[in-house]
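Below is target.tsv, holding TSV, C-alpha atoms.
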chain	number	residue	atom	x	y	z
X	24	MET	CA	25.85	37.62	-1.90
X	25	SER	CA	29.40	38.82	-2.31
X	26	SER	CA	31.47	38.05	-5.36
X	27	ALA	CA	34.04	36.55	-3.03
X	28	LEU	CA	31.48	34.08	-1.70
X	29	TRP	CA	30.44	33.24	-5.25
X	30	GLY	CA	34.06	32.59	-6.12
X	31	ARG	CA	34.54	30.32	-3.11
X	32	ALA	CA	31.30	28.48	-3.73
X	33	PHE	CA	32.09	27.78	-7.35
X	34	GLN	CA	35.78	27.07	-7.03
X	35	PRO	CA	35.86	23.67	-8.78
X	36	ALA	CA	37.35	20.77	-6.89
X	37	GLN	CA	40.48	19.43	-8.57
X	38	PRO	CA	39.50	16.54	-10.86
X	39	SER	CA	40.87	13.14	-10.09
X	40	SER	CA	43.10	11.42	-12.60
X	41	ASP	CA	40.13	9.61	-14.20
X	42	GLU	CA	37.81	12.61	-14.21
X	43	GLN	CA	37.49	15.15	-16.96
X	44	PRO	CA	37.22	18.81	-15.97
X	45	SER	CA	33.63	20.00	-15.66
X	46	GLN	CA	31.97	22.61	-17.81
X	47	SER	CA	32.63	26.20	-16.85
X	48	THR	CA	29.60	28.17	-15.71
X	49	PRO	CA	27.59	29.36	-18.74
X	50	THR	CA	27.89	33.02	-19.68
X	51	PRO	CA	25.39	34.79	-17.42
X	52	THR	CA	23.04	36.35	-19.92
X	53	GLY	CA	19.37	35.80	-20.55
X	54	ARG	CA	16.50	34.47	-18.49
X	55	VAL	CA	16.59	31.44	-16.20
X	56	VAL	CA	13.58	29.78	-14.58
X	57	VAL	CA	14.42	28.13	-11.26
X	58	ALA	CA	12.25	25.27	-10.05
X	59	LEU	CA	11.85	26.00	-6.35
X	60	SER	CA	10.84	23.45	-3.73
X	61	GLY	CA	10.94	25.62	-0.64
X	62	GLY	CA	14.16	23.87	0.40
X	63	VAL	CA	17.71	25.05	0.84
X	64	ASP	CA	19.26	23.51	-2.31
X	65	SER	CA	16.95	25.19	-4.81
X	66	ALA	CA	17.11	28.44	-2.82
X	67	VAL	CA	20.91	28.54	-3.01
X	68	ALA	CA	20.78	27.61	-6.71
X	69	CYS	CA	18.50	30.59	-7.21
X	70	ALA	CA	20.77	32.93	-5.26
X	71	LEU	CA	23.88	31.87	-7.17
X	72	LEU	CA	22.21	32.56	-10.50
X	73	VAL	CA	21.03	35.99	-9.34
X	74	GLU	CA	24.60	36.79	-8.27
X	75	GLN	CA	25.87	35.70	-11.69
X	76	GLY	CA	23.66	38.26	-13.37
X	77	TYR	CA	20.95	36.14	-14.91
X	78	GLU	CA	17.37	37.36	-15.10
X	79	VAL	CA	15.86	34.84	-12.69
X	80	ILE	CA	12.23	33.80	-12.26
X	81	GLY	CA	11.19	31.46	-9.46
X	82	LEU	CA	8.52	28.88	-10.27
X	83	MET	CA	6.94	26.27	-8.04
X	84	MET	CA	4.76	23.41	-9.18
X	85	ARG	CA	1.56	22.76	-7.28
X	86	LEU	CA	1.20	18.98	-7.30
X	87	TRP	CA	-1.62	16.70	-6.24
X	88	ALA	CA	-1.68	15.06	-2.84
X	89	GLU	CA	-4.09	12.82	-1.00
X	90	SER	CA	-6.40	14.71	1.34
X	91	ALA	CA	-8.40	13.61	4.35
X	92	VAL	CA	-9.76	15.12	7.54
X	93	ASP	CA	-6.76	14.04	9.59
X	94	ARG	CA	-4.06	14.61	6.94
X	95	SER	CA	-2.64	17.65	5.23
X	96	PRO	CA	-4.37	18.25	1.86
X	97	LEU	CA	-1.21	19.49	0.19
X	98	ASN	CA	1.70	17.73	-1.43
X	99	ARG	CA	4.77	17.91	0.83
X	100	CYS	CA	6.77	19.35	-2.06
X	101	CYS	CA	4.37	22.30	-2.33
X	102	SER	CA	2.70	22.60	1.07
X	103	LEU	CA	1.63	26.04	2.25
X	104	GLU	CA	4.82	26.19	4.27
X	105	ALA	CA	6.95	25.26	1.26
X	106	VAL	CA	5.20	27.86	-0.92
X	107	ASP	CA	5.68	30.53	1.75
X	108	ASP	CA	9.35	29.59	2.09
X	109	ALA	CA	9.95	29.77	-1.66
X	110	ARG	CA	8.11	33.08	-1.90
X	111	ALA	CA	10.20	34.45	0.99
X	112	VAL	CA	13.41	33.41	-0.79
X	113	CYS	CA	12.35	35.18	-3.98
X	114	ARG	CA	11.33	38.28	-2.05
X	115	HIS	CA	14.71	38.25	-0.32
X	116	LEU	CA	16.47	38.01	-3.68
X	117	GLY	CA	14.22	40.57	-5.37
X	118	ILE	CA	12.92	38.27	-8.12
X	119	PRO	CA	9.40	37.31	-9.25
X	120	PHE	CA	7.76	34.13	-7.98
X	121	TYR	CA	4.84	32.13	-9.39
X	122	VAL	CA	3.02	28.93	-8.49
X	123	LEU	CA	1.80	26.77	-11.39
X	124	ASN	CA	-0.97	24.19	-11.04
X	125	TYR	CA	0.20	20.83	-12.36
X	126	GLU	CA	-2.06	18.65	-10.23
X	127	MET	CA	-3.68	16.77	-13.12
X	128	PRO	CA	-0.46	16.00	-15.04
X	129	PHE	CA	1.02	14.81	-11.75
X	130	VAL	CA	-1.91	12.47	-11.14
X	131	GLN	CA	-1.84	11.13	-14.70
X	132	ARG	CA	1.93	10.71	-15.10
X	133	VAL	CA	3.08	9.94	-11.54
X	134	VAL	CA	0.33	8.87	-9.11
X	135	GLU	CA	-1.74	6.61	-11.39
X	136	PRO	CA	1.33	4.74	-12.77
X	137	PHE	CA	2.57	4.36	-9.17
X	138	VAL	CA	-0.66	2.58	-8.23
X	139	VAL	CA	-0.76	0.48	-11.42
X	140	ASP	CA	2.84	-0.66	-10.97
X	141	TYR	CA	2.15	-1.88	-7.44
X	142	SER	CA	-0.86	-3.80	-8.74
X	143	ARG	CA	1.57	-5.53	-11.16
X	144	GLY	CA	3.91	-6.59	-8.38
X	145	LEU	CA	6.49	-3.86	-9.05
X	146	THR	CA	8.14	-1.46	-6.62
X	147	PRO	CA	8.16	1.90	-8.43
X	148	ASN	CA	10.06	5.10	-7.60
X	149	PRO	CA	7.64	8.00	-8.21
X	150	CYS	CA	10.45	10.58	-8.18
X	151	LEU	CA	11.77	9.15	-11.45
X	152	ALA	CA	8.41	9.65	-13.17
X	153	CYS	CA	8.12	13.15	-11.71
X	154	ASN	CA	11.53	14.14	-13.06
X	155	ARG	CA	10.81	12.65	-16.47
X	156	HIS	CA	7.32	14.02	-17.01
X	157	LEU	CA	6.96	17.03	-14.71
X	158	LYS	CA	10.24	18.77	-13.81
X	159	PHE	CA	12.06	18.13	-17.08
X	160	GLY	CA	8.89	17.69	-19.11
X	161	VAL	CA	6.05	20.17	-18.72
X	162	LEU	CA	8.01	22.56	-16.48
X	163	LEU	CA	10.94	22.73	-18.89
X	164	GLU	CA	8.51	23.42	-21.73
X	165	ARG	CA	6.91	26.20	-19.68
X	166	ALA	CA	10.33	27.72	-19.01
X	167	LEU	CA	11.17	27.72	-22.72
X	168	ALA	CA	7.75	29.19	-23.50
X	169	LEU	CA	8.68	32.06	-21.16
X	170	ASP	CA	11.73	32.73	-23.38
X	171	ALA	CA	14.09	31.35	-20.76
X	172	ARG	CA	17.43	29.93	-21.90
X	173	TYR	CA	17.57	27.49	-19.00
X	174	LEU	CA	15.60	25.69	-16.35
X	175	ALA	CA	17.64	25.39	-13.15
X	176	THR	CA	17.04	23.08	-10.19
X	177	GLY	CA	18.71	22.31	-6.88
X	178	HIS	CA	19.80	18.82	-7.94
X	179	TYR	CA	23.31	17.68	-7.09
X	180	ALA	CA	24.54	16.95	-10.61
X	181	ARG	CA	26.64	18.56	-13.32
X	182	VAL	CA	26.31	19.22	-17.05
X	183	ALA	CA	29.42	19.41	-19.22
X	184	CYS	CA	29.04	20.74	-22.77
X	185	THR	CA	31.73	20.77	-25.44
X	186	ASP	CA	31.19	21.72	-29.09
X	187	GLY	CA	27.43	21.42	-28.70
X	188	ARG	CA	27.57	17.97	-27.10
X	189	CYS	CA	26.37	17.82	-23.50
X	190	GLU	CA	27.09	15.16	-20.89
X	191	LEU	CA	25.50	14.45	-17.53
X	192	ARG	CA	28.07	14.01	-14.77
X	193	ARG	CA	27.93	13.28	-11.08
X	194	SER	CA	28.09	16.08	-8.54
X	195	ARG	CA	31.27	16.93	-6.67
X	196	ASP	CA	29.62	15.73	-3.47
X	197	ARG	CA	29.31	11.99	-4.08
X	198	ASP	CA	27.28	11.54	-0.90
X	199	LYS	CA	24.60	13.87	-2.25
X	200	ASP	CA	24.84	12.96	-5.93
X	201	GLN	CA	21.36	12.76	-7.51
X	202	THR	CA	22.18	11.64	-11.04
X	203	TYR	CA	20.51	8.28	-10.31
X	204	ALA	CA	17.20	10.15	-10.57
X	205	LEU	CA	18.24	12.13	-13.68
X	206	TYR	CA	19.25	9.35	-16.07
X	207	MET	CA	16.21	10.14	-18.26
X	208	LEU	CA	17.70	13.43	-19.46
X	209	GLY	CA	18.86	13.61	-23.07
X	210	PRO	CA	20.69	16.04	-25.36
X	211	ARG	CA	17.78	18.47	-25.69
X	212	GLU	CA	17.16	18.70	-21.95
X	213	LEU	CA	20.85	19.02	-21.08
X	214	ARG	CA	21.24	22.00	-23.40
X	215	HIS	CA	18.59	23.82	-21.37
X	216	VAL	CA	19.22	22.84	-17.75
X	217	LEU	CA	21.51	24.19	-15.05
X	218	PHE	CA	22.47	22.54	-11.76
X	219	PRO	CA	24.12	25.41	-9.85
X	220	VAL	CA	24.87	23.43	-6.67
X	221	GLY	CA	26.42	20.50	-8.55
X	222	GLU	CA	29.94	21.82	-7.97
X	223	LEU	CA	29.35	22.23	-4.22
X	224	ARG	CA	29.45	20.06	-1.14
X	225	LYS	CA	26.31	20.00	0.98
X	226	GLY	CA	28.16	21.82	3.75
X	227	GLN	CA	29.03	24.62	1.33
X	228	VAL	CA	25.39	24.93	0.30
X	229	ARG	CA	24.28	25.21	3.92
X	230	GLN	CA	27.00	27.75	4.64
X	231	ALA	CA	26.07	29.82	1.59
X	232	ALA	CA	22.42	29.81	2.71
X	233	HIS	CA	23.44	31.12	6.14
X	234	ASP	CA	25.86	33.70	4.71
X	235	LEU	CA	23.08	34.96	2.45
X	236	SER	CA	20.53	34.98	5.30
X	237	LEU	CA	18.18	32.92	3.16
X	238	PRO	CA	14.94	32.20	5.04
X	239	VAL	CA	15.36	28.42	4.54
X	240	ALA	CA	18.98	28.18	5.71
X	241	GLY	CA	18.17	25.81	8.58
X	242	LYS	CA	15.33	23.89	6.97
X	243	PRO	CA	15.62	20.06	7.18
X	244	GLU	CA	15.30	17.81	4.12
X	245	SER	CA	12.33	15.59	3.32
X	246	GLN	CA	12.72	12.31	1.42
X	247	GLU	CA	9.39	10.53	1.83
X	248	ILE	CA	6.75	10.05	-0.88
X	249	CYS	CA	5.54	13.61	-1.31
X	250	PHE	CA	1.88	12.95	-2.19
X	251	ILE	CA	1.12	10.66	0.78
X	252	PRO	CA	1.03	13.00	3.82
X	253	ASP	CA	1.24	10.29	6.49
X	254	ASP	CA	3.94	8.30	4.58
X	255	ASP	CA	1.82	5.13	4.80
X	256	TYR	CA	1.93	3.99	1.18
X	257	ARG	CA	0.33	0.63	2.02
X	258	ARG	CA	-2.77	2.36	3.39
X	259	PHE	CA	-2.78	4.65	0.35
X	260	LEU	CA	-2.62	1.71	-2.05
X	261	GLN	CA	-5.22	-0.35	-0.18
X	262	SER	CA	-7.74	2.47	-0.57
X	263	ARG	CA	-7.18	2.47	-4.35
X	264	ILE	CA	-6.44	-1.12	-5.31
X	265	PRO	CA	-8.04	-3.26	-2.58
X	266	GLU	CA	-8.04	-6.23	-4.95
X	267	ALA	CA	-4.22	-6.26	-4.80
X	268	PHE	CA	-4.38	-6.94	-1.08
X	269	ARG	CA	-5.88	-10.40	-1.41
X	270	PRO	CA	-4.11	-12.91	0.83
X	271	GLY	CA	-2.15	-15.57	-1.01
X	272	PRO	CA	0.50	-18.24	-0.52
X	273	ILE	CA	4.06	-17.70	0.57
X	274	VAL	CA	6.19	-20.38	-1.05
X	275	ASP	CA	9.85	-21.35	-1.32
X	276	ARG	CA	11.70	-21.92	-4.59
X	277	ALA	CA	10.50	-25.52	-4.69
X	278	GLY	CA	6.86	-24.42	-4.40
X	279	HIS	CA	6.32	-25.59	-0.82
X	280	VAL	CA	3.70	-23.43	0.92
X	281	LEU	CA	5.20	-21.86	4.04
X	282	GLY	CA	2.52	-19.39	5.01
X	283	GLN	CA	0.12	-16.73	3.78
X	284	HIS	CA	0.86	-13.15	2.77
X	285	GLN	CA	-1.44	-10.20	3.46
X	286	GLY	CA	-1.33	-8.65	-0.01
X	287	LEU	CA	1.62	-8.31	-2.37
X	288	PRO	CA	1.98	-4.48	-2.08
X	289	CYS	CA	2.97	-5.04	1.56
X	290	TYR	CA	6.29	-6.57	0.49
X	291	THR	CA	9.42	-5.73	-1.44
X	292	ILE	CA	12.42	-7.67	-2.68
X	293	GLY	CA	14.91	-8.35	0.10
X	294	GLN	CA	12.40	-7.83	2.90
X	295	ARG	CA	12.95	-10.04	5.95
X	296	LYS	CA	10.70	-8.70	8.69
X	297	GLY	CA	6.93	-9.05	8.71
X	298	LEU	CA	6.68	-12.36	6.85
X	299	GLY	CA	5.09	-14.18	9.76
X	300	ILE	CA	6.96	-17.42	9.05
X	301	ALA	CA	8.75	-19.56	11.61
X	302	ALA	CA	11.81	-21.13	9.99
X	303	ALA	CA	15.20	-22.57	10.96
X	304	GLU	CA	16.95	-19.68	9.17
X	305	ALA	CA	15.98	-16.14	8.25
X	306	LEU	CA	13.88	-15.89	5.08
X	307	TYR	CA	13.75	-13.02	2.62
X	308	VAL	CA	11.41	-12.01	-0.18
X	309	LEU	CA	12.91	-13.30	-3.44
X	310	GLU	CA	10.11	-12.67	-5.94
X	311	ILE	CA	6.70	-11.03	-6.12
X	312	ASP	CA	4.54	-13.01	-8.54
X	313	ALA	CA	1.46	-10.87	-9.20
X	314	ALA	CA	0.09	-13.25	-11.86
X	315	ARG	CA	-0.24	-16.03	-9.27
X	316	ASN	CA	-0.68	-13.72	-6.26
X	317	THR	CA	2.28	-15.52	-4.72
X	318	LEU	CA	5.20	-14.39	-2.61
X	319	VAL	CA	8.42	-16.39	-3.10
X	320	VAL	CA	10.84	-16.45	-0.17
X	321	GLY	CA	14.17	-18.09	0.61
X	322	PRO	CA	17.39	-17.78	2.61
X	323	GLU	CA	19.72	-14.85	2.08
X	324	ARG	CA	22.06	-16.86	-0.15
X	325	GLU	CA	19.26	-17.08	-2.75
X	326	LEU	CA	18.79	-13.30	-2.98
X	327	GLY	CA	21.64	-12.60	-5.37
X	328	ARG	CA	20.97	-11.87	-9.03
X	329	GLN	CA	23.76	-11.62	-11.55
X	330	ALA	CA	21.76	-10.26	-14.47
X	331	LEU	CA	18.76	-8.07	-15.17
X	332	VAL	CA	16.82	-6.65	-18.09
X	333	ALA	CA	15.90	-2.96	-18.07
X	334	GLU	CA	13.07	-1.42	-20.09
X	335	GLU	CA	12.34	2.16	-21.20
X	336	VAL	CA	16.10	2.67	-21.36
X	337	ASN	CA	17.31	6.20	-21.99
X	338	TRP	CA	20.81	6.82	-23.29
X	339	VAL	CA	21.89	10.29	-22.24
X	340	ALA	CA	23.90	10.74	-25.46
X	341	GLY	CA	20.67	10.35	-27.43
X	342	ALA	CA	21.36	6.92	-28.94
X	343	PRO	CA	22.50	3.52	-27.63
X	344	PRO	CA	26.11	2.44	-28.07
X	345	PRO	CA	26.74	0.12	-31.03
X	346	GLY	CA	27.45	-2.86	-28.76
X	347	PRO	CA	28.13	-3.96	-25.19
X	348	VAL	CA	29.81	-1.43	-22.93
X	349	ALA	CA	31.71	-1.83	-19.67
X	350	ALA	CA	30.12	0.23	-16.92
X	351	THR	CA	29.24	0.34	-13.28
X	352	VAL	CA	25.56	-0.04	-12.41
X	353	LYS	CA	23.54	1.26	-9.49
X	354	ILE	CA	20.18	-0.44	-8.78
X	355	ARG	CA	19.04	1.70	-5.84
X	356	LEU	CA	19.36	5.41	-5.08
X	357	HIS	CA	21.60	4.73	-2.09
X	358	GLY	CA	22.94	1.41	-3.31
X	359	ARG	CA	26.50	0.55	-4.15
X	360	GLU	CA	27.63	0.32	-7.74
X	361	THR	CA	28.92	-2.88	-9.24
X	362	PRO	CA	30.93	-3.45	-12.44
X	363	ALA	CA	28.80	-4.76	-15.28
X	364	THR	CA	28.50	-5.24	-19.01
X	365	VAL	CA	25.51	-3.39	-20.48
X	366	THR	CA	24.23	-4.63	-23.82
X	367	PRO	CA	21.61	-2.58	-25.72
X	368	LEU	CA	18.61	-4.60	-26.92
X	369	ALA	CA	15.74	-3.87	-29.27
X	370	GLU	CA	12.64	-1.94	-28.20
X	371	GLY	CA	14.42	0.31	-25.74
X	372	ARG	CA	15.73	-2.44	-23.50
X	373	ALA	CA	19.15	-3.41	-22.19
X	374	HIS	CA	20.66	-6.54	-20.70
X	375	VAL	CA	22.92	-5.98	-17.70
X	376	ALA	CA	25.39	-8.71	-16.71
X	377	LEU	CA	26.68	-7.95	-13.22
X	378	ALA	CA	30.21	-8.89	-12.20
X	379	GLN	CA	28.98	-9.77	-8.71
X	380	PRO	CA	25.48	-10.91	-7.69
X	381	GLN	CA	23.35	-8.12	-6.24
X	382	ARG	CA	20.83	-9.04	-3.58
X	383	ASP	CA	18.20	-6.33	-4.10
X	384	VAL	CA	17.51	-6.35	-7.84
X	385	THR	CA	13.92	-5.07	-7.71
X	386	PRO	CA	11.56	-4.80	-10.69
X	387	GLY	CA	10.18	-1.27	-10.85
X	388	GLN	CA	13.34	0.40	-9.57
X	389	ALA	CA	15.90	2.00	-11.88
X	390	ALA	CA	19.22	0.59	-13.05
X	391	VAL	CA	21.58	3.45	-13.93
X	392	PHE	CA	24.80	3.02	-15.90
X	393	TYR	CA	28.01	4.96	-15.24
X	394	GLN	CA	31.55	5.25	-16.56
X	395	GLY	CA	33.43	7.09	-13.84
X	396	ASP	CA	31.59	10.38	-13.34
X	397	LEU	CA	29.80	10.09	-16.68
X	398	VAL	CA	26.16	8.99	-16.67
X	399	LEU	CA	25.54	6.76	-19.69
X	400	GLY	CA	21.84	6.23	-19.11
X	401	GLY	CA	19.46	3.90	-17.36
X	402	GLY	CA	16.10	2.21	-17.39
X	403	ILE	CA	13.46	0.49	-15.27
X	404	ILE	CA	14.27	-3.01	-14.04
X	405	ALA	CA	11.80	-5.39	-15.67
X	406	ARG	CA	13.14	-8.75	-14.53

Translate this structure into structure tokens?
Amino acid sequence: MSSALWGRAFQPAQPSSDEQPSQSTPTPTGRVVVALSGGVDSAVACALLVEQGYEVIGLMMRLWAESAVDRSPLNRCCSLEAVDDARAVCRHLGIPFYVLNYEMPFVQRVVEPFVVDYSRGLTPNPCLACNRHLKFGVLLERALALDARYLATGHYARVACTDGRCELRRSRDRDKDQTYALYMLGPRELRHVLFPVGELRKGQVRQAAHDLSLPVAGKPESQEICFIPDDDYRRFLQSRIPEAFRPGPIVDRAGHVLGQHQGLPCYTIGQRKGLGIAAAEALYVLEIDAARNTLVVGPERELGRQALVAEEVNWVAGAPPPGPVAATVKIRLHGRETPATVTPLAEGRAHVALAQPQRDVTPGQAAVFYQGDLVLGGGIIAR
């Protein structure tokens, strides 16, 4: 990769009037472990760090995946193809590459909680648990044990450090920004992570991959649940928690029985299709009541929620603010933000008062708090 290309790739976009300048690239000395996925983003991150002069090691996590005669036995994130692609990238760049077996931690910290949450009527996001416990948990610890200064990934995000204080900020490419899935990072993690593509647009990353002749330059992205090869999470859950698929009543807010559901894991908040109810107006899932094995439905006007409580809240700064803070809140990865007041509560919780009702407030998903480009923190929606 030419220095000129590096310069173009990392030429910071001009900050807007409400945006602070981002951190300059750290001085390129020492060892960096790059978490490779076999995809283009982590490959370009790896190449940029090599160009900067770091001593780079490529690592890939082998994670558990469901296996069956008619399905691939490997996790999509570390399939044989993905491993071969990551190895080819490292060979192309002239750096070492290793695969680490983290199947059991993945089962214990990601897959089993995923199943348990669905049995409780929640709609979990397994990528959040994987980032918390695997990528920025055991893998970061392994990187530090290898005397690396940093763990780098292909996430679209930025870290800004000043006088020893580090902040998590959104990527330059708002359409690709992945900070929603990184809200669990804290001061210790941010001091030891790099996001080399965070200053780039997706088009720049693709172009850099082609200019570098990286083997994965044209590889498409995958966004399904990585450990379920056929993407049928309902089938996956039914094989593990059949008791959660007991039929039960579908009721309206007044308690009138309108029909029968086929098992609560088949539904999510805001769902309209597949209810099997004939009604004068379209009905949507409003609540999933696992305690009573009941699905509550109603018209679209009843979907809005103007407040929520989040649990397991992480404040990126390392401690909660002393009182309520004005913020914008995102309740889905691809959802729109809405202005809100976030009030820290005891026991790692927070109350979020939304300025406008949001129709898809879903227990089990994350609520992430922002001030401009700054990520304040986030937690799991409890109710």

- prompt: What would the list of residues within 7 Å of (1.7, 23.6, -12.3) (file frame) look like as a ChimeraX atom specification, if all atoms listed in the file are what count?
  reply: /X:84-86,122-126

Shell around Phe392 in chain X at 8 Å using all atoms listed in the file, local window under 6 positions removed, as an NGL selection string: :X and (350-353 or 365 or 398-401)

Just-selected residues, C-alpha atoms written as a PDB file, in the coordinates of the input:
ATOM      1  CA  ALA X 350      30.120   0.230 -16.920  1.00  0.00           C
ATOM      2  CA  THR X 351      29.240   0.340 -13.280  1.00  0.00           C
ATOM      3  CA  VAL X 352      25.560  -0.040 -12.410  1.00  0.00           C
ATOM      4  CA  LYS X 353      23.540   1.260  -9.490  1.00  0.00           C
ATOM      5  CA  VAL X 365      25.510  -3.390 -20.480  1.00  0.00           C
ATOM      6  CA  VAL X 398      26.160   8.990 -16.670  1.00  0.00           C
ATOM      7  CA  LEU X 399      25.540   6.760 -19.690  1.00  0.00           C
ATOM      8  CA  GLY X 400      21.840   6.230 -19.110  1.00  0.00           C
ATOM      9  CA  GLY X 401      19.460   3.900 -17.360  1.00  0.00           C
TER      10      GLY X 401
END

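Here CA of Ala109 in chain X stands at a distance of 18.3 Å from CA of Gln230 in chain X.
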
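Note that the spacing between CA of Gly62 in chain X and CA of Gly241 in chain X amounts to 9.3 Å.
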
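Interatomic distance, CA of Val56 in chain X against CA of Gln227 in chain X: 22.8 Å.
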
message: With all atoms listed in the file as the counted atoms, please give the residues lying no more than 12 Å from Ile404 in chain X, apart from itself and same-chain residues fewer than 2 positions off, as a ChimeraX atom specification.
response: /X:145-148,330-336,352-355,372-375,383-391,401-402,406
